[in-house]
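For reference, work_24.txt (compact mmCIF, C-alpha atoms and all ligand atoms):
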```
# COMPACT_ATOMS: atom_id res chain seq x y z
CA MET A 1 -6.61 -29.08 -6.80
CA SER A 2 -9.60 -26.92 -7.69
CA LEU A 3 -11.48 -24.65 -5.30
CA LEU A 4 -15.18 -23.98 -5.06
CA ILE A 5 -16.05 -20.98 -2.89
CA ARG A 6 -19.70 -21.19 -1.98
CA ASN A 7 -22.38 -18.77 -0.77
CA GLY A 8 -20.20 -15.68 -0.33
CA ARG A 9 -21.16 -12.13 -1.20
CA VAL A 10 -18.94 -11.74 -4.26
CA ILE A 11 -17.87 -8.14 -4.83
CA ASP A 12 -15.70 -7.39 -7.84
CA PRO A 13 -15.71 -3.69 -8.79
CA SER A 14 -13.79 -4.48 -11.99
CA GLN A 15 -16.95 -6.17 -13.32
CA ASN A 16 -19.57 -4.32 -11.25
CA ILE A 17 -20.44 -7.55 -9.48
CA ASP A 18 -22.07 -7.55 -6.05
CA LYS A 19 -24.15 -10.68 -5.48
CA VAL A 20 -24.30 -13.82 -3.39
CA CYS A 21 -22.93 -16.65 -5.54
CA ASP A 22 -20.21 -19.28 -6.00
CA ILE A 23 -16.76 -19.06 -7.58
CA TYR A 24 -15.05 -22.01 -9.20
CA ILE A 25 -11.27 -21.88 -9.46
CA ASP A 26 -9.43 -24.35 -11.65
CA LYS A 27 -5.72 -24.60 -12.57
CA GLY A 28 -5.00 -21.42 -10.59
CA LYS A 29 -7.42 -19.32 -12.64
CA ILE A 30 -10.96 -18.02 -12.13
CA ASP A 31 -13.15 -20.41 -14.08
CA LYS A 32 -16.68 -19.34 -13.31
CA ILE A 33 -18.76 -17.01 -11.12
CA SER A 34 -22.36 -18.08 -10.89
CA LYS A 35 -25.21 -19.10 -8.58
CA LYS A 36 -25.14 -22.69 -7.31
CA ILE A 37 -22.23 -24.12 -9.29
CA LYS A 38 -22.38 -27.92 -9.39
CA THR A 39 -19.32 -29.67 -7.99
CA PRO A 40 -17.44 -30.84 -11.10
CA SER A 41 -17.15 -34.62 -11.16
CA GLY A 42 -13.86 -36.46 -11.50
CA LYS A 43 -11.89 -33.58 -9.99
CA ASN A 44 -10.24 -33.04 -6.65
CA VAL A 45 -12.30 -30.06 -5.49
CA LYS A 46 -11.93 -28.37 -2.12
CA GLU A 47 -15.07 -26.51 -1.08
CA ILE A 48 -14.95 -23.37 1.05
CA ASP A 49 -18.09 -22.10 2.73
CA ALA A 50 -18.09 -18.30 2.59
CA LYS A 51 -21.60 -17.73 3.98
CA ASN A 52 -21.91 -14.23 5.52
CA MET A 53 -18.46 -13.37 4.18
CA ILE A 54 -17.30 -11.07 1.41
CA VAL A 55 -15.36 -12.69 -1.43
CA CYS A 56 -13.38 -10.25 -3.56
CA PRO A 57 -10.22 -9.94 -5.65
CA GLY A 58 -7.07 -10.23 -3.54
CA PHE A 59 -5.93 -6.86 -2.22
CA VAL A 60 -3.05 -5.05 -3.92
CA ASP A 61 -0.76 -2.78 -1.89
CA VAL A 62 1.39 -0.42 -3.96
CA HIS A 63 3.45 0.75 -0.98
CA VAL A 64 5.32 -1.80 1.14
CA HIS A 65 8.81 -1.88 2.65
CA LEU A 66 10.08 -5.46 2.72
CA ARG A 67 13.54 -4.62 4.15
CA GLU A 68 15.33 -7.53 2.43
CA PRO A 69 18.12 -7.42 1.36
CA GLY A 70 19.96 -5.76 4.20
CA TYR A 71 17.55 -5.18 7.06
CA GLU A 72 16.29 -8.69 7.70
CA TYR A 73 16.05 -7.97 11.44
CA LYS A 74 13.12 -5.66 10.63
CA GLU A 75 11.38 -7.84 8.04
CA THR A 76 12.22 -10.43 5.40
CA ILE A 77 10.54 -11.07 2.09
CA LYS A 78 9.10 -14.19 3.69
CA THR A 79 7.65 -12.50 6.80
CA GLY A 80 6.48 -9.47 4.81
CA CYS A 81 4.58 -11.80 2.48
CA MET A 82 3.09 -13.70 5.44
CA SER A 83 1.96 -10.42 6.95
CA ALA A 84 0.45 -9.39 3.60
CA ALA A 85 -1.46 -12.66 3.31
CA ALA A 86 -2.79 -12.26 6.86
CA GLY A 87 -4.05 -8.81 5.86
CA GLY A 88 -5.77 -10.12 2.72
CA PHE A 89 -3.12 -8.79 0.31
CA THR A 90 -2.20 -11.08 -2.57
CA SER A 91 0.08 -8.63 -4.39
CA ILE A 92 2.52 -6.19 -2.86
CA VAL A 93 4.74 -3.61 -4.47
CA CYS A 94 7.99 -3.12 -2.58
CA MET A 95 10.05 0.02 -2.21
CA PRO A 96 13.74 0.13 -3.14
CA ASN A 97 15.18 1.43 0.15
CA THR A 98 16.91 -1.84 1.03
CA ASN A 99 20.64 -2.37 1.51
CA PRO A 100 21.91 -2.48 -1.17
CA ILE A 101 19.29 -0.21 -2.68
CA ASN A 102 17.32 -1.70 -5.55
CA ASP A 103 18.97 0.50 -8.18
CA ASN A 104 20.11 -2.20 -10.61
CA ALA A 105 18.81 -5.40 -12.18
CA SER A 106 20.79 -7.77 -9.93
CA VAL A 107 19.02 -6.50 -6.79
CA THR A 108 15.66 -6.65 -8.58
CA GLU A 109 16.39 -10.24 -9.63
CA TYR A 110 17.44 -11.14 -6.08
CA ILE A 111 14.14 -9.82 -4.68
CA LEU A 112 12.11 -11.65 -7.31
CA LEU A 113 14.00 -14.91 -6.77
CA LYS A 114 13.52 -14.72 -3.01
CA ALA A 115 9.85 -13.86 -3.50
CA ARG A 116 9.39 -16.87 -5.79
CA THR A 117 11.09 -19.28 -3.44
CA GLU A 118 10.04 -17.94 -0.02
CA GLY A 119 7.18 -15.51 -0.58
CA ILE A 120 3.57 -16.63 -0.45
CA VAL A 121 2.09 -13.62 -2.24
CA ASN A 122 3.04 -11.85 -5.48
CA VAL A 123 5.88 -9.36 -5.08
CA PHE A 124 6.44 -6.56 -7.59
CA PRO A 125 9.57 -4.46 -7.00
CA ILE A 126 10.04 -0.75 -7.49
CA GLY A 127 13.46 0.39 -8.65
CA ALA A 128 15.26 3.52 -7.52
CA ILE A 129 15.19 6.65 -9.67
CA THR A 130 18.82 7.51 -8.92
CA ARG A 131 21.88 5.46 -8.07
CA GLU A 132 21.90 4.64 -4.36
CA GLU A 133 18.98 7.11 -4.04
CA LYS A 134 21.60 9.85 -3.91
CA GLY A 135 19.75 12.14 -6.29
CA GLU A 136 22.85 12.57 -8.46
CA ALA A 137 22.69 10.22 -11.46
CA LEU A 138 19.88 8.12 -12.90
CA ALA A 139 19.86 4.45 -11.87
CA ASP A 140 19.81 1.57 -14.40
CA ILE A 141 16.11 2.14 -15.00
CA GLY A 142 15.85 0.31 -18.33
CA GLU A 143 17.56 -2.79 -16.94
CA MET A 144 15.39 -2.77 -13.83
CA TYR A 145 12.29 -2.47 -15.99
CA GLU A 146 13.46 -5.46 -18.06
CA ALA A 147 14.12 -7.37 -14.81
CA GLY A 148 10.57 -6.75 -13.58
CA CYS A 149 10.32 -3.40 -11.79
CA VAL A 150 6.83 -1.94 -12.09
CA GLY A 151 7.67 1.65 -11.14
CA ILE A 152 10.55 3.82 -9.98
CA SER A 153 10.91 5.84 -6.80
CA ASP A 154 13.55 7.29 -4.53
CA ASP A 155 10.92 6.93 -1.80
CA GLY A 156 11.95 8.64 1.45
CA VAL A 157 14.79 10.59 -0.20
CA PRO A 158 13.06 12.52 -2.97
CA VAL A 159 15.00 13.82 -5.96
CA THR A 160 15.82 17.47 -5.23
CA ASN A 161 17.34 18.23 -8.63
CA SER A 162 14.34 19.18 -10.78
CA ASN A 163 16.25 18.67 -14.03
CA LEU A 164 17.18 15.13 -13.04
CA MET A 165 13.53 14.47 -12.16
CA ARG A 166 12.48 15.78 -15.56
CA ARG A 167 15.00 13.43 -17.25
CA ALA A 168 13.73 10.51 -15.15
CA MET A 169 10.18 11.24 -16.32
CA GLU A 170 11.29 11.42 -19.95
CA TYR A 171 13.22 8.18 -19.52
CA VAL A 172 10.40 6.09 -18.03
CA LYS A 173 7.55 7.42 -20.13
CA PRO A 174 8.09 4.97 -23.04
CA PHE A 175 8.12 2.05 -20.56
CA GLY A 176 4.66 3.07 -19.33
CA ILE A 177 5.61 2.69 -15.66
CA PRO A 178 4.87 5.38 -13.05
CA LEU A 179 7.20 7.59 -11.09
CA ILE A 180 6.16 6.86 -7.55
CA ILE A 181 6.58 9.99 -5.52
CA HIS A 182 7.22 10.45 -1.83
CA ALA A 183 6.73 14.20 -2.01
CA GLU A 184 8.95 16.01 0.46
CA ASP A 185 11.17 19.03 0.32
CA LYS A 186 13.84 18.00 2.81
CA TYR A 187 14.89 21.64 3.27
CA LEU A 188 11.39 22.51 4.46
CA SER A 189 10.96 19.46 6.66
CA SER A 190 14.50 19.95 7.92
CA ASP A 191 14.92 17.93 11.11
CA GLY A 192 11.20 17.92 11.93
CA VAL A 193 9.78 14.80 13.56
CA MET A 194 6.00 15.39 13.50
CA ASN A 195 3.42 17.70 11.94
CA GLU A 196 4.20 21.39 12.41
CA GLY A 197 1.34 22.93 14.35
CA VAL A 198 -0.23 23.48 17.74
CA VAL A 199 0.52 19.95 18.96
CA SER A 200 4.22 20.06 17.99
CA THR A 201 4.55 23.40 19.76
CA LYS A 202 2.91 22.03 22.92
CA LEU A 203 5.14 18.95 22.88
CA GLY A 204 8.31 20.89 22.11
CA LEU A 205 8.99 18.76 19.05
CA LYS A 206 10.23 20.10 15.73
CA GLY A 207 7.56 20.23 13.05
CA ILE A 208 7.31 19.20 9.40
CA PRO A 209 5.09 21.72 7.58
CA GLY A 210 2.47 20.54 5.11
CA ALA A 211 4.21 22.80 2.61
CA SER A 212 7.14 20.38 2.50
CA GLU A 213 4.84 17.82 0.80
CA GLU A 214 2.86 20.33 -1.24
CA VAL A 215 5.74 22.15 -2.97
CA MET A 216 7.12 18.86 -4.28
CA ILE A 217 3.71 17.71 -5.53
CA ALA A 218 3.33 21.06 -7.30
CA ARG A 219 6.78 20.68 -8.90
CA ASP A 220 6.15 17.15 -10.05
CA ILE A 221 2.74 18.05 -11.48
CA ILE A 222 4.46 20.73 -13.55
CA LEU A 223 7.17 18.29 -14.68
CA SER A 224 4.56 15.67 -15.52
CA GLU A 225 2.77 18.25 -17.65
CA ILE A 226 5.84 18.96 -19.76
CA THR A 227 6.92 15.32 -20.05
CA GLY A 228 3.57 13.48 -20.14
CA ALA A 229 4.90 10.91 -17.63
CA HIS A 230 2.56 9.19 -15.16
CA ILE A 231 3.23 10.33 -11.59
CA HIS A 232 1.80 8.52 -8.59
CA ILE A 233 1.70 10.46 -5.33
CA CYS A 234 2.34 8.34 -2.24
CA HIS A 235 0.70 8.71 1.16
CA VAL A 236 -1.12 12.02 0.66
CA SER A 237 -1.25 13.71 4.07
CA THR A 238 -2.49 17.28 3.68
CA ALA A 239 -5.55 19.19 2.49
CA GLY A 240 -3.25 21.30 0.31
CA SER A 241 -1.93 18.17 -1.45
CA VAL A 242 -5.49 17.02 -2.11
CA ARG A 243 -6.29 20.41 -3.67
CA LEU A 244 -3.25 20.22 -5.98
CA ILE A 245 -4.03 16.65 -7.09
CA ARG A 246 -7.73 17.39 -7.64
CA ASP A 247 -6.90 20.41 -9.75
CA ALA A 248 -4.24 18.51 -11.76
CA LYS A 249 -6.67 15.66 -12.45
CA LYS A 250 -9.25 18.16 -13.70
CA ARG A 251 -6.68 19.51 -16.13
CA GLY A 252 -5.93 16.01 -17.44
CA VAL A 253 -2.51 15.52 -15.84
CA LYS A 254 -1.48 11.86 -15.72
CA ILE A 255 -1.53 11.68 -11.94
CA THR A 256 -2.75 9.08 -9.46
CA ALA A 257 -2.61 9.11 -5.67
CA GLU A 258 -2.83 6.89 -2.61
CA ALA A 259 -3.73 7.45 1.04
CA ALA A 260 -2.58 5.35 3.98
CA PRO A 261 -5.08 4.16 6.62
CA HIS A 262 -3.23 6.01 9.40
CA HIS A 263 -3.60 9.29 7.52
CA PHE A 264 -7.38 8.95 7.23
CA THR A 265 -7.82 7.58 10.77
CA LEU A 266 -5.53 9.54 13.11
CA THR A 267 -4.42 13.11 13.72
CA ASP A 268 -1.23 14.49 15.25
CA GLU A 269 -2.98 14.22 18.64
CA ALA A 270 -1.89 10.54 18.53
CA VAL A 271 1.63 11.78 19.26
CA VAL A 272 0.76 13.52 22.57
CA ASP A 273 2.25 10.81 24.75
CA TYR A 274 5.42 10.79 22.60
CA ASN A 275 4.39 7.43 21.16
CA THR A 276 7.10 6.60 18.63
CA ASN A 277 4.66 4.17 17.00
CA ALA A 278 2.77 7.24 15.84
CA LYS A 279 5.87 8.60 14.11
CA MET A 280 5.97 8.25 10.36
CA ASN A 281 6.84 10.31 7.33
CA PRO A 282 4.76 12.10 6.16
CA PRO A 283 3.49 12.66 9.70
CA LEU A 284 -0.03 12.49 11.07
CA ARG A 285 -1.67 15.85 10.39
CA THR A 286 -4.75 17.75 11.63
CA GLN A 287 -8.47 17.04 11.59
CA LYS A 288 -8.83 19.39 8.61
CA ASP A 289 -6.33 17.30 6.64
CA VAL A 290 -8.01 14.01 7.63
CA LYS A 291 -11.35 15.40 6.44
CA ALA A 292 -9.83 16.47 3.12
CA ILE A 293 -8.30 13.01 2.57
CA ILE A 294 -11.60 11.32 3.32
CA LYS A 295 -13.40 13.60 0.88
CA ALA A 296 -10.71 12.87 -1.72
CA LEU A 297 -11.19 9.12 -1.27
CA LYS A 298 -14.90 9.62 -1.78
CA ASP A 299 -14.62 11.73 -4.94
CA ASP A 300 -11.76 9.60 -6.40
CA THR A 301 -9.15 12.34 -6.21
CA ILE A 302 -7.31 9.66 -4.24
CA ASP A 303 -7.41 6.44 -6.26
CA ALA A 304 -6.08 3.82 -3.88
CA ILE A 305 -5.51 2.82 -0.29
CA ALA A 306 -1.88 1.79 0.38
CA THR A 307 -0.30 0.93 3.70
CA ASP A 308 3.31 2.26 3.60
CA HIS A 309 4.04 -0.86 5.70
CA ALA A 310 7.34 0.15 7.33
CA PRO A 311 8.52 -2.33 9.96
CA HIS A 312 11.20 -1.35 12.48
CA SER A 313 12.53 -3.29 15.45
CA GLN A 314 11.33 -2.59 18.98
CA ASP A 315 14.84 -1.49 20.00
CA GLU A 316 14.82 1.13 17.27
CA LYS A 317 11.42 2.46 18.34
CA ASN A 318 12.02 2.30 22.10
CA VAL A 319 13.98 5.55 22.17
CA GLU A 320 13.24 9.28 22.52
CA PHE A 321 10.73 10.51 19.93
CA ASP A 322 13.37 12.60 18.14
CA LEU A 323 15.63 9.61 17.63
CA ALA A 324 13.10 6.96 16.55
CA PRO A 325 12.91 6.03 12.86
CA PHE A 326 9.87 7.07 10.83
CA GLY A 327 7.40 4.34 9.92
CA ILE A 328 4.68 1.98 11.11
CA VAL A 329 3.46 -1.44 9.99
CA GLY A 330 0.16 -1.52 8.16
CA LEU A 331 -0.56 -4.72 6.26
CA GLU A 332 -2.48 -6.42 9.07
CA THR A 333 -4.66 -3.45 10.04
CA ALA A 334 -5.47 -1.97 6.61
CA LEU A 335 -8.73 -3.84 6.05
CA PRO A 336 -10.42 -3.09 9.40
CA LEU A 337 -9.32 0.56 9.28
CA SER A 338 -10.64 0.90 5.72
CA LEU A 339 -13.91 -0.71 6.81
CA LYS A 340 -14.34 2.18 9.24
CA LEU A 341 -14.87 4.37 6.17
CA VAL A 342 -17.69 2.03 5.16
CA GLU A 343 -19.15 2.05 8.65
CA GLY A 344 -18.96 5.85 8.65
CA GLY A 345 -20.98 5.99 5.41
CA ILE A 346 -18.07 7.52 3.46
CA LEU A 347 -17.39 4.68 1.02
CA SER A 348 -19.60 1.81 -0.07
CA VAL A 349 -17.99 -1.55 0.59
CA SER A 350 -17.59 -1.93 -3.17
CA ASP A 351 -15.76 1.41 -3.45
CA MET A 352 -13.51 0.44 -0.57
CA ILE A 353 -12.67 -2.83 -2.34
CA LYS A 354 -12.05 -0.94 -5.58
CA LYS A 355 -9.41 1.14 -3.81
CA LEU A 356 -7.75 -2.01 -2.48
CA THR A 357 -7.89 -4.06 -5.71
CA ILE A 358 -8.41 -2.92 -9.30
CA LYS A 359 -7.32 0.71 -8.74
CA PRO A 360 -3.90 -0.03 -7.24
CA SER A 361 -3.40 -2.79 -9.81
CA GLU A 362 -4.04 -0.28 -12.60
CA ILE A 363 -1.59 2.22 -11.11
CA VAL A 364 1.31 -0.19 -11.53
CA ASN A 365 -0.27 -2.06 -14.44
CA ILE A 366 0.10 -5.56 -13.03
CA GLY A 367 -3.17 -7.05 -14.29
CA ARG A 368 -4.43 -8.15 -10.87
CA GLY A 369 -7.36 -7.01 -8.75
CA THR A 370 -10.06 -8.76 -10.78
CA LEU A 371 -12.11 -11.96 -10.70
CA LYS A 372 -12.80 -11.99 -14.45
CA PRO A 373 -12.93 -15.53 -15.85
CA GLY A 374 -9.42 -16.45 -16.99
CA ALA A 375 -7.76 -14.11 -14.46
CA ILE A 376 -5.16 -15.46 -12.03
CA ALA A 377 -7.16 -16.61 -9.02
CA ASP A 378 -6.01 -14.17 -6.33
CA VAL A 379 -8.94 -13.96 -3.93
CA THR A 380 -9.61 -12.60 -0.44
CA ILE A 381 -12.42 -13.81 1.78
CA PHE A 382 -13.24 -11.70 4.83
CA ASP A 383 -15.84 -11.31 7.52
CA PRO A 384 -16.71 -7.59 7.60
CA GLU A 385 -18.60 -7.79 10.90
CA LYS A 386 -16.32 -9.87 13.10
CA GLU A 387 -14.74 -7.79 15.84
CA HIS A 388 -11.20 -8.29 17.10
CA GLU A 389 -8.62 -6.50 19.15
CA VAL A 390 -5.39 -5.43 17.45
CA CYS A 391 -2.61 -7.46 19.13
CA PRO A 392 0.74 -6.55 17.57
CA GLU A 393 2.39 -9.56 19.21
CA LYS A 394 0.16 -11.74 17.03
CA PHE A 395 1.19 -10.05 13.78
CA LEU A 396 2.94 -12.26 11.24
CA SER A 397 5.13 -9.27 10.39
CA LYS A 398 8.35 -8.97 12.38
CA GLY A 399 7.29 -5.38 13.07
CA THR A 400 4.98 -4.58 15.97
CA ASN A 401 5.27 -0.82 15.50
CA THR A 402 1.63 0.17 15.22
CA PRO A 403 -0.30 2.99 16.88
CA PHE A 404 -3.45 0.82 16.76
CA SER A 405 -2.46 -1.65 19.46
CA GLY A 406 -5.48 -2.53 21.61
CA TRP A 407 -8.00 -0.99 19.19
CA LYS A 408 -11.19 -2.97 18.77
CA LEU A 409 -11.97 -3.14 15.07
CA LYS A 410 -14.41 -4.91 12.79
CA GLY A 411 -13.21 -6.98 9.83
CA VAL A 412 -11.27 -10.23 9.88
CA VAL A 413 -9.56 -11.93 6.93
CA HIS A 414 -10.83 -15.50 6.70
CA LYS A 415 -8.80 -16.81 3.75
CA THR A 416 -6.29 -15.45 1.28
CA ILE A 417 -5.85 -17.28 -1.99
CA VAL A 418 -2.96 -16.74 -4.43
CA SER A 419 -3.04 -18.40 -7.87
CA GLY A 420 -5.78 -20.74 -6.62
CA LYS A 421 -3.83 -21.81 -3.54
CA VAL A 422 -4.93 -20.99 0.02
CA VAL A 423 -1.90 -19.19 1.51
CA TYR A 424 -3.58 -17.90 4.68
CA SER A 425 -6.41 -19.32 6.71
CA LYS A 426 -7.78 -17.86 9.93
CA ASN A 427 -7.95 -20.60 12.48
O1 LIG B 501 7.46 6.51 7.58
C1 LIG B 501 8.23 6.19 6.68
N1 LIG B 501 8.92 5.03 6.72
N2 LIG B 501 8.40 7.01 5.65
C2 LIG B 501 9.34 6.80 4.72
O2 LIG B 501 9.48 7.61 3.87
C3 LIG B 501 10.21 5.63 4.78
C4 LIG B 501 9.61 4.55 5.59
C5 LIG B 501 10.63 3.52 5.99
O3 LIG B 501 11.33 3.03 5.09
O4 LIG B 501 10.72 3.19 7.16
```
Can you turn what I pasted into structure tokens?
Amino acid sequence: MSLLIRNGRVIDPSQNIDKVCDIYIDKGKIDKISKKIKTPSGKNVKEIDAKNMIVCPGFVDVHVHLREPGYEYKETIKTGCMSAAAGGFTSIVCMPNTNPINDNASVTEYILLKARTEGIVNVFPIGAITREEKGEALADIGEMYEAGCVGISDDGVPVTNSNLMRRAMEYVKPFGIPLIIHAEDKYLSSDGVMNEGVVSTKLGLKGIPGASEEVMIARDIILSEITGAHIHICHVSTAGSVRLIRDAKKRGVKITAEAAPHHFTLTDEAVVDYNTNAKMNPPLRTQKDVKAIIKALKDDTIDAIATDHAPHSQDEKNVEFDLAPFGIVGLETALPLSLKLVEGGILSVSDMIKKLTIKPSEIVNIGRGTLKPGAIADVTIFDPEKEHEVCPEKFLSKGTNTPFSGWKLKGVVHKTIVSGKVVYSKN
């Protein structure tokens, strides 16, 4: 079946397109973008009316935790993909902290097989840097690359041994895939559970200083400079990190960065009632940090918006703040929270879309995030004005762990299309 999307405001930053027109999709590929496309005769064409909606490349999220294999009670590849589709994401990049950890080709192949058979969006795995993310010996990086990994990361358990990190950079450089860095010095963050500052002191909770993120970013910038490897900094949370990345970019270091919607929307004040759904790592920081992240999104120091979708079960989160796991879900709230930056006059809608499409696609080099004729037809249609209330119980993710429950936000995904097939439709 072919699709003809009519009358939408088509925004594709990869081609500098922003105009009301039609898109014709045939054989799973973008065929034509033009005004008033005639319905092709002799074909089975489904027409979609996108009047007053934005039609753009499908969103790409470079930071998702799918939990399968091993933690299917939190999320499966199937439910994670459904959640992604509901959020307008057509491609998701999944972190290796499963059980077993994705540190060899057989786990990568398992994820890809499951994604092909049960997933409704494109899944691109990230392999571990070290075996079992133990930080001791390099994982089977070459084999994982051959099997389809688009980057490597030890995610929440960063590599402490700087020499091993240097070797990992030297190893991956010829493959052209990034080292995806959750920057944290575990000695500095110690057993902290939220941002270190006035609020943590008031609440009597142990703090994680911004320095714990910043020293690791500084180290990895230096290592990237001597190896020439591409480093991608995950979930930037502090003004100091922004400064380091901005300076490194100016000096030509091969560095990219992402920010998560919670880090540009909330401060550590969200923790005041000991809400474990406001507990994540890196933690929510101060107003000064939020401002710096917003400025960095505006001046392209931060390239992409990524969710760090981290589902946990209610039982795991319904405990004392100290004991709850770090992480919140994000796929189904990313668009409306990003639209707040547009509403606030910080980003144009086109720049917001750029940070959700072509930019993240370029970071992991997956060739998505575009509506160029001939491209795979991954498309998102959304209503930027429609208001809704965030109801976690309605999420398609198994996780309901969000600090945004009850928030009234603008921006509703109308349809998500993967390879020319409608995989999500708002009823
Ligand atoms: O908040 C987080 N959740 N940070 C991490 O580093 C890991 C993630 C998870 O896997 O739950």
Q: May I ask for the distance between CA of Val93 (chain A) and CA of Pro392 (chain A), given in Å to one decimal place?
A: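 So the two atoms, CA of Val93 (chain A) and CA of Pro392 (chain A), lie 22.6 Å apart.
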**Q.** Close residues, region 327-331 of chain A itself excluded, 10 Å, all atoms listed in the file, min 2 positions apart in chain, as a PyMOL selection string
**A.** chain A and resi 61+63-65+80-89+92+260-262+276-283+306-312+317+324-325+333-335+337+392+395-404
Which residues of region 349-368 of chain A come within 7 Å of region 9-21 of chain A, and for each one, what is the closest pair of atoms and their distance in Å to one decimal, counting only C-alpha atoms, sorted by chain and residue number, as a Markdown table?
```
| residue | atom | partner | partner_atom | distance |
| --- | --- | --- | --- | --- |
| A:Ser350 | CA | A:Pro13 | CA | 6.2 |
| A:Lys354 | CA | A:Pro13 | CA | 5.6 |
| A:Ile358 | CA | A:Ser14 | CA | 6.2 |
```
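Comparing A:Gly70, A:Gly148, A:Gly8, A:Gly156 by their smallest distance to ligand LIG 501 (chain B), the closest is A:Gly156 (using all atoms listed in the file).
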Q. In Å, with one decimal, what is the gap from CA of Ile25 (chain A) to CA of Leu356 (chain A)?
A. 21.4 Å
(Q) Taking 2 positions as the minimum chain separation for residues in the same chain, which residues sit within 8 Å of Asn195 (chain A) when counting only C-alpha atoms? Answer as JSON, numbers by chain. (A) {"A": [192, 193, 197, 199, 200, 207, 208, 209, 210, 268, 283, 284, 285]}
(Q) Counting all atoms listed in the file, I want the residues whose atoms come within 8 Å of (-8.5, -7.7, -12.3) in the file frame, returned as a ChimeraX atom specification. (A) /A:14,57,357-358,361,367-372,375
